[in-house]
>>> print(open('start_7.csv').read())   # CSV, C-alpha atoms and all ligand atoms
chain,number,residue,atom,x,y,z
A,7,MET,CA,-0.4,-9.1,-20.0
A,8,ALA,CA,-1.6,-11.2,-17.1
A,9,ASP,CA,-0.9,-14.8,-17.7
A,10,THR,CA,-3.6,-16.7,-15.8
A,11,HIS,CA,-1.7,-20.0,-16.1
A,12,LYS,CA,1.3,-18.9,-14.1
A,13,PRO,CA,1.4,-18.3,-10.3
A,14,ILE,CA,1.3,-14.7,-9.4
A,15,LEU,CA,4.5,-13.2,-7.9
A,16,LEU,CA,4.7,-9.8,-6.2
A,17,SER,CA,7.5,-7.8,-4.7
A,18,GLY,CA,8.6,-4.2,-4.2
A,19,ILE,CA,11.3,-1.9,-3.1
A,20,GLN,CA,11.0,1.5,-1.4
A,21,PRO,CA,12.6,4.4,-3.3
A,22,SER,CA,14.2,5.6,0.0
A,23,GLY,CA,17.8,5.9,-1.1
A,24,HIS,CA,20.4,4.6,-3.5
A,25,LEU,CA,19.3,1.1,-4.8
A,26,CYS,CA,22.2,-1.0,-3.6
A,27,ILE,CA,23.9,-4.3,-4.1
A,28,GLY,CA,22.1,-5.7,-1.0
A,29,ASN,CA,18.7,-5.0,-2.7
A,30,TYR,CA,20.0,-6.6,-5.9
A,31,LEU,CA,21.3,-9.8,-4.3
A,32,GLY,CA,18.4,-10.0,-1.8
A,33,ALA,CA,15.6,-9.1,-4.1
A,34,LEU,CA,16.2,-8.1,-7.8
A,35,LYS,CA,18.4,-11.0,-8.8
A,36,ASN,CA,15.7,-13.4,-7.6
A,37,TRP,CA,13.0,-11.4,-9.4
A,38,VAL,CA,14.8,-11.7,-12.7
A,39,ASN,CA,15.1,-15.5,-12.3
A,40,LEU,CA,11.4,-15.9,-11.3
A,41,GLN,CA,9.9,-13.6,-13.9
A,42,GLU,CA,10.0,-16.4,-16.6
A,43,SER,CA,7.9,-18.8,-14.6
A,44,HIS,CA,5.6,-16.3,-12.9
A,45,ASP,CA,3.0,-13.6,-13.7
A,46,SER,CA,5.1,-11.0,-11.9
A,47,ILE,CA,4.3,-7.6,-10.5
A,48,PHE,CA,7.2,-5.4,-9.3
A,49,LEU,CA,6.4,-2.3,-7.3
A,50,VAL,CA,8.2,0.9,-6.6
A,51,VAL,CA,6.6,1.4,-3.2
A,52,ASP,CA,6.7,5.2,-3.0
A,53,MET,CA,3.9,5.3,-0.4
A,54,HIS,CA,6.0,3.2,2.0
A,55,ALA,CA,8.9,5.5,1.5
A,56,LEU,CA,6.9,8.4,3.0
A,57,THR,CA,7.1,6.8,6.4
A,58,VAL,CA,10.5,8.4,6.5
A,59,ARG,CA,10.7,12.1,5.6
A,60,GLN,CA,11.5,12.5,1.9
A,61,ASN,CA,12.5,15.4,-0.2
A,62,PRO,CA,9.6,15.6,-2.8
A,63,ALA,CA,11.8,16.5,-5.8
A,64,GLU,CA,14.3,13.7,-5.0
A,65,LEU,CA,11.5,11.2,-4.4
A,66,ARG,CA,10.0,12.0,-7.8
A,67,GLN,CA,13.4,11.6,-9.5
A,68,ARG,CA,14.2,8.4,-7.6
A,69,CYS,CA,10.9,6.7,-8.6
A,70,LEU,CA,11.7,7.0,-12.3
A,71,SER,CA,15.3,6.1,-11.7
A,72,TYR,CA,14.3,2.9,-9.8
A,73,VAL,CA,12.0,1.9,-12.8
A,74,ALA,CA,15.0,2.3,-15.1
A,75,GLN,CA,17.3,0.4,-12.7
A,76,TYR,CA,14.7,-2.5,-12.4
A,77,ILE,CA,14.8,-2.8,-16.2
A,78,ALA,CA,18.6,-2.4,-16.4
A,79,CYS,CA,19.0,-5.2,-13.8
A,80,GLY,CA,17.0,-7.5,-16.0
A,81,ILE,CA,13.3,-7.0,-15.4
A,82,ASP,CA,11.5,-7.2,-18.7
A,83,PRO,CA,8.4,-5.0,-18.9
A,84,GLU,CA,7.1,-7.2,-21.7
A,85,LYS,CA,7.0,-10.1,-19.3
A,86,SER,CA,6.4,-8.4,-16.0
A,87,THR,CA,4.3,-5.6,-14.7
A,88,ILE,CA,6.3,-2.7,-13.2
A,89,VAL,CA,4.1,-0.3,-11.1
A,90,ILE,CA,4.5,2.7,-9.0
A,91,GLN,CA,2.4,2.0,-5.9
A,92,SER,CA,0.7,5.4,-5.7
A,93,HIS,CA,-0.6,5.0,-9.3
A,94,VAL,CA,-3.0,2.4,-8.0
A,95,PRO,CA,-5.4,3.8,-5.3
A,96,GLN,CA,-6.7,0.4,-4.3
A,97,HIS,CA,-3.5,-0.2,-2.3
A,98,ALA,CA,-4.6,2.4,0.3
A,99,GLU,CA,-8.2,1.5,0.1
A,100,LEU,CA,-7.6,-2.2,0.9
A,101,MET,CA,-5.2,-1.2,3.6
A,102,TRP,CA,-8.1,0.5,5.5
A,103,ILE,CA,-10.2,-2.7,5.4
A,104,LEU,CA,-7.2,-4.8,6.5
A,105,SER,CA,-6.4,-2.3,9.3
A,106,THR,CA,-9.8,-3.1,10.9
A,107,LEU,CA,-8.7,-6.8,11.1
A,108,THR,CA,-5.2,-6.1,12.5
A,109,TYR,CA,-4.5,-6.2,16.2
A,110,MET,CA,-2.3,-3.6,17.9
A,111,GLY,CA,-0.3,-6.4,19.5
A,112,GLU,CA,0.6,-7.7,16.1
A,113,LEU,CA,2.1,-4.4,15.0
A,114,ASN,CA,3.8,-3.9,18.4
A,115,ARG,CA,5.8,-7.0,17.8
A,116,MET,CA,7.3,-5.9,14.5
A,117,THR,CA,11.1,-5.7,14.8
A,118,GLN,CA,11.5,-3.4,11.8
A,119,PHE,CA,9.2,-0.8,13.5
A,120,LYS,CA,11.3,-1.0,16.6
A,121,ASP,CA,14.6,-0.6,14.6
A,122,LYS,CA,13.2,2.2,12.5
A,123,SER,CA,11.8,4.0,15.5
A,124,LYS,CA,15.2,4.1,17.0
A,125,LYS,CA,16.7,5.3,13.8
A,126,HIS,CA,14.1,8.0,13.2
A,127,ALA,CA,13.4,8.9,16.9
A,128,ALA,CA,12.2,12.4,15.9
A,129,ASN,CA,9.6,11.1,13.5
A,130,ILE,CA,7.8,8.0,14.8
A,131,ASN,CA,4.7,8.5,12.7
A,132,ALA,CA,1.6,6.3,12.6
A,133,GLY,CA,2.5,5.3,9.0
A,134,LEU,CA,5.7,3.7,10.3
A,135,PHE,CA,3.6,1.7,12.7
A,136,THR,CA,0.9,0.6,10.2
A,137,TYR,CA,3.4,0.0,7.3
A,138,PRO,CA,3.0,-3.8,7.5
A,139,ILE,CA,-0.7,-3.5,6.8
A,140,LEU,CA,0.0,-1.5,3.7
A,141,MET,CA,2.5,-4.2,2.7
A,142,ALA,CA,-0.1,-6.8,3.3
A,143,SER,CA,-2.5,-4.8,1.1
A,144,ASP,CA,0.1,-4.7,-1.7
A,145,ILE,CA,0.4,-8.4,-1.7
A,146,LEU,CA,-3.3,-9.4,-1.2
A,147,LEU,CA,-4.6,-6.9,-3.7
A,148,TYR,CA,-3.0,-8.9,-6.6
A,149,GLN,CA,-3.8,-12.3,-5.1
A,150,ALA,CA,-0.1,-13.1,-5.1
A,151,ASP,CA,0.9,-16.7,-4.6
A,152,LEU,CA,4.6,-16.0,-4.0
A,153,VAL,CA,6.5,-13.1,-2.4
A,154,PRO,CA,10.3,-13.0,-2.8
A,155,VAL,CA,11.8,-11.0,0.0
A,156,GLY,CA,15.0,-10.8,2.1
A,157,ALA,CA,15.0,-12.5,5.5
A,158,ASP,CA,14.3,-9.1,7.2
A,159,GLN,CA,10.8,-9.0,5.7
A,160,LYS,CA,9.7,-12.4,6.8
A,161,GLN,CA,7.8,-11.1,9.8
A,162,HIS,CA,5.8,-8.7,7.6
A,163,LEU,CA,4.9,-11.5,5.2
A,164,GLU,CA,3.6,-13.6,8.1
A,165,LEU,CA,1.2,-10.8,8.9
A,166,ALA,CA,0.0,-10.7,5.3
A,167,ARG,CA,-0.7,-14.4,5.5
A,168,ASP,CA,-2.5,-14.1,8.9
A,169,LEU,CA,-4.7,-11.2,7.5
A,170,ALA,CA,-5.6,-13.3,4.4
A,171,ILE,CA,-6.6,-16.2,6.6
A,172,ARG,CA,-8.5,-13.9,9.0
A,173,PHE,CA,-10.4,-12.2,6.2
A,174,ASN,CA,-11.3,-15.5,4.5
A,175,SER,CA,-12.6,-17.0,7.7
A,176,THR,CA,-14.4,-13.9,8.9
A,177,TYR,CA,-16.2,-13.3,5.5
A,178,SER,CA,-15.6,-16.1,3.0
A,179,ASP,CA,-12.8,-17.3,0.7
A,180,THR,CA,-11.4,-14.1,-1.0
A,181,PHE,CA,-7.6,-13.9,-0.7
A,182,VAL,CA,-4.9,-16.3,-1.8
A,183,VAL,CA,-2.6,-17.0,1.2
A,184,PRO,CA,0.8,-15.9,-0.1
A,185,GLU,CA,4.0,-18.0,0.3
A,186,PRO,CA,7.4,-16.4,1.1
A,187,CYS,CA,10.4,-17.1,-1.1
A,188,ILE,CA,13.6,-16.3,0.8
A,189,PRO,CA,16.8,-16.9,-1.1
A,190,LYS,CA,19.1,-19.3,0.7
A,191,THR,CA,22.2,-17.3,0.1
A,192,GLY,CA,22.4,-13.5,-0.3
A,193,ALA,CA,19.5,-13.0,1.9
A,194,ARG,CA,21.4,-10.6,4.1
A,195,ILE,CA,24.3,-8.5,2.8
A,196,MET,CA,25.9,-6.5,5.6
A,197,SER,CA,27.2,-2.9,5.8
A,198,LEU,CA,30.8,-2.4,4.6
A,199,GLN,CA,31.8,-0.2,7.5
A,200,GLU,CA,29.6,-1.8,10.2
A,201,PRO,CA,29.3,-5.4,9.2
A,202,GLU,CA,27.1,-6.3,12.2
A,203,LYS,CA,24.2,-4.4,10.6
A,204,LYS,CA,22.7,-4.9,7.2
A,205,MET,CA,23.5,-2.9,4.2
A,206,SER,CA,20.7,-0.3,3.7
A,207,LYS,CA,20.1,1.9,0.7
A,208,SER,CA,19.0,4.8,3.0
A,209,ASP,CA,22.2,4.7,5.1
A,210,ASP,CA,23.5,8.2,5.6
A,211,ASN,CA,27.1,6.9,5.4
A,212,LEU,CA,27.5,6.1,1.7
A,213,ASN,CA,30.7,4.1,2.5
A,214,ASN,CA,28.4,1.5,4.0
A,215,LEU,CA,26.8,0.5,0.7
A,216,ILE,CA,27.6,-0.2,-2.9
A,217,ALA,CA,25.0,1.6,-5.0
A,218,ILE,CA,24.0,0.0,-8.3
A,219,LEU,CA,24.9,3.3,-9.9
A,220,ASP,CA,28.3,3.8,-8.2
A,221,SER,CA,31.1,4.4,-10.6
A,222,ALA,CA,33.9,1.8,-10.9
A,223,ASP,CA,36.3,4.0,-9.0
A,224,ILE,CA,33.9,4.5,-6.1
A,225,VAL,CA,33.2,0.8,-5.9
A,226,LYS,CA,36.9,-0.1,-5.7
A,227,ARG,CA,37.5,2.6,-3.1
A,228,LYS,CA,34.6,1.5,-0.9
A,229,ILE,CA,35.7,-2.1,-1.0
A,230,LYS,CA,39.2,-1.2,-0.3
A,231,ARG,CA,38.0,0.8,2.8
A,232,ALA,CA,35.6,-1.9,3.9
A,233,VAL,CA,36.1,-3.0,7.5
A,234,THR,CA,37.8,-6.4,7.9
A,235,ASP,CA,39.5,-7.4,11.1
A,236,SER,CA,42.9,-8.3,12.5
A,237,GLY,CA,43.0,-11.8,10.9
A,238,SER,CA,44.5,-12.6,7.6
A,239,GLU,CA,42.7,-15.6,6.2
A,240,VAL,CA,40.1,-15.0,3.4
A,241,LYS,CA,37.5,-17.3,4.9
A,242,MET,CA,33.9,-17.3,6.1
A,243,ASP,CA,33.9,-17.2,9.9
A,244,LYS,CA,31.0,-16.1,12.2
A,245,SER,CA,33.4,-14.3,14.5
A,246,ARG,CA,34.8,-12.2,11.6
A,247,PRO,CA,31.7,-10.5,10.1
A,248,GLY,CA,33.6,-8.1,7.9
A,249,ILE,CA,35.6,-10.6,5.8
A,250,SER,CA,32.7,-13.1,5.8
A,251,ASN,CA,30.5,-10.5,4.2
A,252,LEU,CA,33.1,-9.7,1.5
A,253,VAL,CA,33.5,-13.5,0.8
A,254,GLN,CA,29.8,-13.8,0.5
A,255,LEU,CA,29.6,-10.8,-1.8
A,256,TYR,CA,32.4,-12.3,-4.0
A,257,SER,CA,30.7,-15.7,-4.1
A,258,LEU,CA,27.2,-14.2,-5.1
A,259,ILE,CA,28.6,-11.9,-7.7
A,260,THR,CA,30.8,-14.5,-9.4
A,261,ASP,CA,28.4,-17.5,-8.8
A,262,LEU,CA,31.4,-19.3,-7.3
A,263,SER,CA,30.7,-21.3,-4.2
A,264,VAL,CA,32.1,-20.0,-0.9
A,265,LYS,CA,34.5,-22.9,-0.8
A,266,GLU,CA,35.8,-22.1,-4.2
A,267,VAL,CA,36.4,-18.4,-3.3
A,268,GLU,CA,38.2,-19.5,-0.1
A,269,SER,CA,40.5,-21.9,-1.9
A,270,GLN,CA,41.1,-19.3,-4.7
A,271,TYR,CA,42.4,-16.9,-2.0
A,272,SER,CA,44.1,-19.4,0.3
A,273,GLY,CA,47.4,-18.0,1.4
A,274,LYS,CA,46.7,-14.6,-0.2
A,275,MET,CA,46.3,-11.3,1.6
A,276,TYR,CA,43.2,-9.3,2.4
A,277,SER,CA,44.4,-6.5,0.1
A,278,ASP,CA,44.7,-8.8,-2.9
A,279,PHE,CA,41.2,-10.2,-2.3
A,280,LYS,CA,39.7,-6.7,-1.8
A,281,THR,CA,41.3,-5.4,-5.1
A,282,ASP,CA,39.8,-8.4,-7.0
A,283,LEU,CA,36.4,-8.0,-5.3
A,284,GLY,CA,36.3,-4.3,-6.2
A,285,ASN,CA,37.1,-5.2,-9.8
A,286,VAL,CA,34.6,-8.0,-9.9
A,287,ILE,CA,31.8,-5.8,-8.6
A,288,ALA,CA,32.7,-2.9,-10.9
A,289,GLU,CA,32.7,-5.3,-13.9
A,290,PHE,CA,29.4,-6.7,-12.9
A,291,LEU,CA,27.8,-3.3,-12.6
A,292,GLU,CA,29.2,-1.9,-15.9
A,293,PRO,CA,26.6,-3.4,-18.3
A,294,ILE,CA,23.8,-2.6,-15.9
A,295,GLN,CA,24.9,1.0,-15.7
A,296,LYS,CA,25.3,1.2,-19.5
A,297,LYS,CA,21.7,0.0,-20.0
A,298,TYR,CA,20.5,2.3,-17.3
A,299,ASN,CA,22.0,5.3,-19.0
A,300,GLU,CA,20.3,4.4,-22.3
A,301,ILE,CA,16.9,3.8,-20.7
A,302,SER,CA,16.9,6.8,-18.4
A,303,LYS,CA,17.4,9.1,-21.3
A,304,ASP,CA,14.2,7.8,-23.0
A,305,LYS,CA,11.5,9.4,-20.9
A,306,ASP,CA,8.7,8.4,-23.4
A,307,TYR,CA,9.7,4.7,-23.0
A,308,LEU,CA,9.7,4.9,-19.2
A,309,GLU,CA,6.3,6.6,-19.2
A,310,SER,CA,4.9,4.0,-21.5
A,311,VAL,CA,6.1,1.2,-19.3
A,312,LEU,CA,4.5,2.9,-16.3
A,313,ALA,CA,1.2,3.6,-18.1
A,314,LYS,CA,0.9,0.0,-19.1
A,315,GLY,CA,1.9,-1.2,-15.6
A,316,ALA,CA,-0.7,1.1,-13.9
A,317,GLU,CA,-3.4,0.1,-16.3
A,318,ASN,CA,-2.9,-3.6,-15.7
A,319,ALA,CA,-2.5,-3.2,-11.9
A,320,PHE,CA,-5.5,-0.9,-11.7
A,321,TYR,CA,-7.7,-3.5,-13.4
A,322,ARG,CA,-6.6,-6.3,-11.1
A,323,GLY,CA,-6.7,-4.1,-8.0
A,324,ARG,CA,-10.3,-3.0,-8.8
A,325,LYS,CA,-11.4,-6.6,-9.2
A,326,THR,CA,-10.1,-7.6,-5.8
A,327,LEU,CA,-11.3,-4.5,-4.0
A,328,SER,CA,-14.9,-4.7,-5.4
A,329,LYS,CA,-15.0,-8.3,-4.2
A,330,VAL,CA,-13.8,-7.2,-0.7
A,331,TYR,CA,-16.2,-4.3,-0.5
A,332,ARG,CA,-19.1,-6.6,-1.4
A,333,LYS,CA,-18.0,-9.2,1.3
A,334,VAL,CA,-17.7,-6.6,4.1
A,335,GLY,CA,-21.2,-5.3,3.3
A,336,PHE,CA,-20.5,-2.0,1.4
A,337,ILE,CA,-23.1,-1.2,-1.3
A,338,GLN,CA,-22.1,-0.2,-4.8
A,339,PRO,CA,-22.4,3.5,-5.5
A,340,ALA,CA,-25.5,4.4,-7.7
A,341,ARG,CA,-24.4,5.2,-11.3
B,401,LIG,N1,21.2,-5.9,3.1
B,401,LIG,C1,20.3,-6.6,2.4
B,401,LIG,N2,20.6,-7.9,2.0
B,401,LIG,C2,19.7,-8.6,1.3
B,401,LIG,N3,18.5,-8.1,0.9
B,401,LIG,C3,18.2,-6.9,1.3
B,401,LIG,N4,17.1,-6.1,1.1
B,401,LIG,C4,17.3,-4.9,1.7
B,401,LIG,N5,18.5,-4.9,2.3
B,401,LIG,C5,19.1,-6.0,2.0
B,401,LIG,C6,15.9,-6.6,0.4
B,401,LIG,O1,15.7,-5.6,-0.6
B,401,LIG,C7,14.3,-5.3,-0.7
B,401,LIG,C8,14.1,-3.8,-0.3
B,401,LIG,O2,13.0,-3.7,0.6
B,401,LIG,P1,12.5,-2.3,1.1
B,401,LIG,O3,12.8,-1.2,0.1
B,401,LIG,O4,11.1,-2.4,1.5
B,401,LIG,O5,13.4,-1.9,2.3
B,401,LIG,P2,14.3,-2.6,3.4
B,401,LIG,O6,14.1,-4.0,3.5
B,401,LIG,O7,14.2,-1.8,4.6
B,401,LIG,O8,15.7,-2.3,2.6
B,401,LIG,P3,16.8,-1.2,2.9
B,401,LIG,O9,17.7,-1.2,1.7
B,401,LIG,O10,17.4,-1.4,4.2
B,401,LIG,O11,15.9,0.1,2.8
B,401,LIG,P4,15.9,1.3,3.8
B,401,LIG,O12,17.3,1.8,3.9
B,401,LIG,O13,15.0,2.3,3.2
B,401,LIG,O14,15.3,0.8,5.1
B,401,LIG,C9,13.6,-6.3,0.3
B,401,LIG,O15,13.2,-7.5,-0.4
B,401,LIG,C10,14.7,-6.6,1.3
B,401,LIG,O16,14.5,-7.8,1.9
>>> encode(input="start_7.csv", output="structure tokens")
Amino acid sequence: MADTHKPILLSGIQPSGHLCIGNYLGALKNWVNLQESHDSIFLVVDMHALTVRQNPAELRQRCLSYVAQYIACGIDPEKSTIVIQSHVPQHAELMWILSTLTYMGELNRMTQFKDKSKKHAANINAGLFTYPILMASDILLYQADLVPVGADQKQHLELARDLAIRFNSTYSDTFVVPEPCIPKTGARIMSLQEPEKKMSKSDDNLNNLIAILDSADIVKRKIKRAVTDSGSEVKMDKSRPGISNLVQLYSLITDLSVKEVESQYSGKMYSDFKTDLGNVIAEFLEPIQKKYNEISKDKDYLESVLAKGAENAFYRGRKTLSKVYRKVGFIQPAR
């Protein structure tokens, strides 16, 4: 499946909640566009998800559901490799080597660690702290050229680049130094009830997010209840994060420019705009959900996609790791 003529692209999402429209617009949409021109590997990063306490049965179910949602959103397993991270042991093995090259100061600076430590104050585990090294390992293991991420992951990607450069200069040229690919618009979709913070799939308050699998009624209700402000103009405005977020959502879902959305709703009320936005999102999600329902019933198909993905990824991961082990001075086990 690996096409050696195309640049390698890698990205992943943690199965830590309800895959949401923020994840779609910030990551999946871009993946779908890039999969034609790249040799792509899309991960369901279940090992990362463990940095926050998970219910094992739910995690298991969610991993398969994410694979079905990736495909329903347009990832084609005939063109791209879909992999569950824990199916490829080399992710954790490479992480160990990279952790010996990572400085504590680098991890201390990570804003996501600071944010997540506040959010999960009762469970600030070492995995939460070393998470960026595992992410670097995910990327470097497959010699990825390009990593499409939302703006919030930029700092982690910089660490992956630094580690590739550090390993290459400490030992010798081994890793490709990956380039980030951050979409210009849609990079940060905000929460519906608290528009100063980003929409997150693991948010306890489900009214803050639109899940890919939310029914049309739920979508419309959530948009209707979304926080706006005391103004009345449907317009992007830094001082009005609520309505700005909704305008951005409308523009990204319909592929209209922000200006076009603003002029379409000039002189109209927030309530009209919200009704239309709810409809537009529900219509957008309908075919995805239909496809998801078909795929998720076919367990054999899903398992075959995962078996093929794991085989491909394992082969590539082993190739990189044996090179790394040789460079650092490990000897091959006797056979
Ligand atoms: N609100 C968002 N707007 C745009 N892009 C987003 N992404 C996440 N939230 C938004 C992008 O989706 C991918 C998911 O990455 P992740 O699973 O590693 O976790 P995350 O970035 O921490 O995303 P969440 O949804 O906020 O997850 P939880 O709730 O588990 O912390 C990334 O490409 C991210 O940029």
>>> residues_near_point(input="start_7.csv", point="(-3.0, -11.0, -2.6)", cutoff="7 Å", atoms="only C-alpha atoms", output="PyMOL selection string")
chain A and resi 145-150+181-182+184
>>> closest_residue(input="start_7.csv", among="A:Val264, A:Ala55, A:Leu113, A:Ala313", to="ligand LIG 401 (chain B)", atoms="only C-alpha atoms and all ligand atoms")
A:Ala55
>>> residues_near_ligand(input="start_7.csv", ligand="ligand LIG 401 (chain B)", cutoff="7 Å", atoms="all atoms listed in the file", output="ChimeraX atom specification")
/A:18-23,26,28-33,154-159,192-196,204-209
>>> closest_residue(input="start_7.csv", among="A:Ala74, A:Val89, A:Ala170, A:Leu40", to="Ser302 of chain A", atoms="only C-alpha atoms")
A:Ala74
>>> closest_residue(input="start_7.csv", among="A:Ile337, A:Ile90, A:Leu16, A:Leu291", to="Ala142 of chain A", atoms="all atoms listed in the file")
A:Leu16
>>> atom_distance(input="start_7.csv", atom1="atom CA of Glu309 of chain A", atom2="atom CA of Val51 of chain A")
16.8 Å
>>> atom_distance(input="start_7.csv", atom1="atom CA of Glu317 of chain A", atom2="atom CA of Ile47 of chain A")
12.3 Å
>>> residues_around(input="start_7.csv", residues="Leu283 of chain A", least_positions_apart="4", cutoff="10 Å", atoms="all atoms listed in the file", output="ChimeraX atom specification")
/A:225-226,229-230,252-253,255-257,259-260,277-279,287-289
>>> atom_distance(input="start_7.csv", atom1="atom CA of His24 of chain A", atom2="atom CA of Gly323 of chain A")
28.8 Å
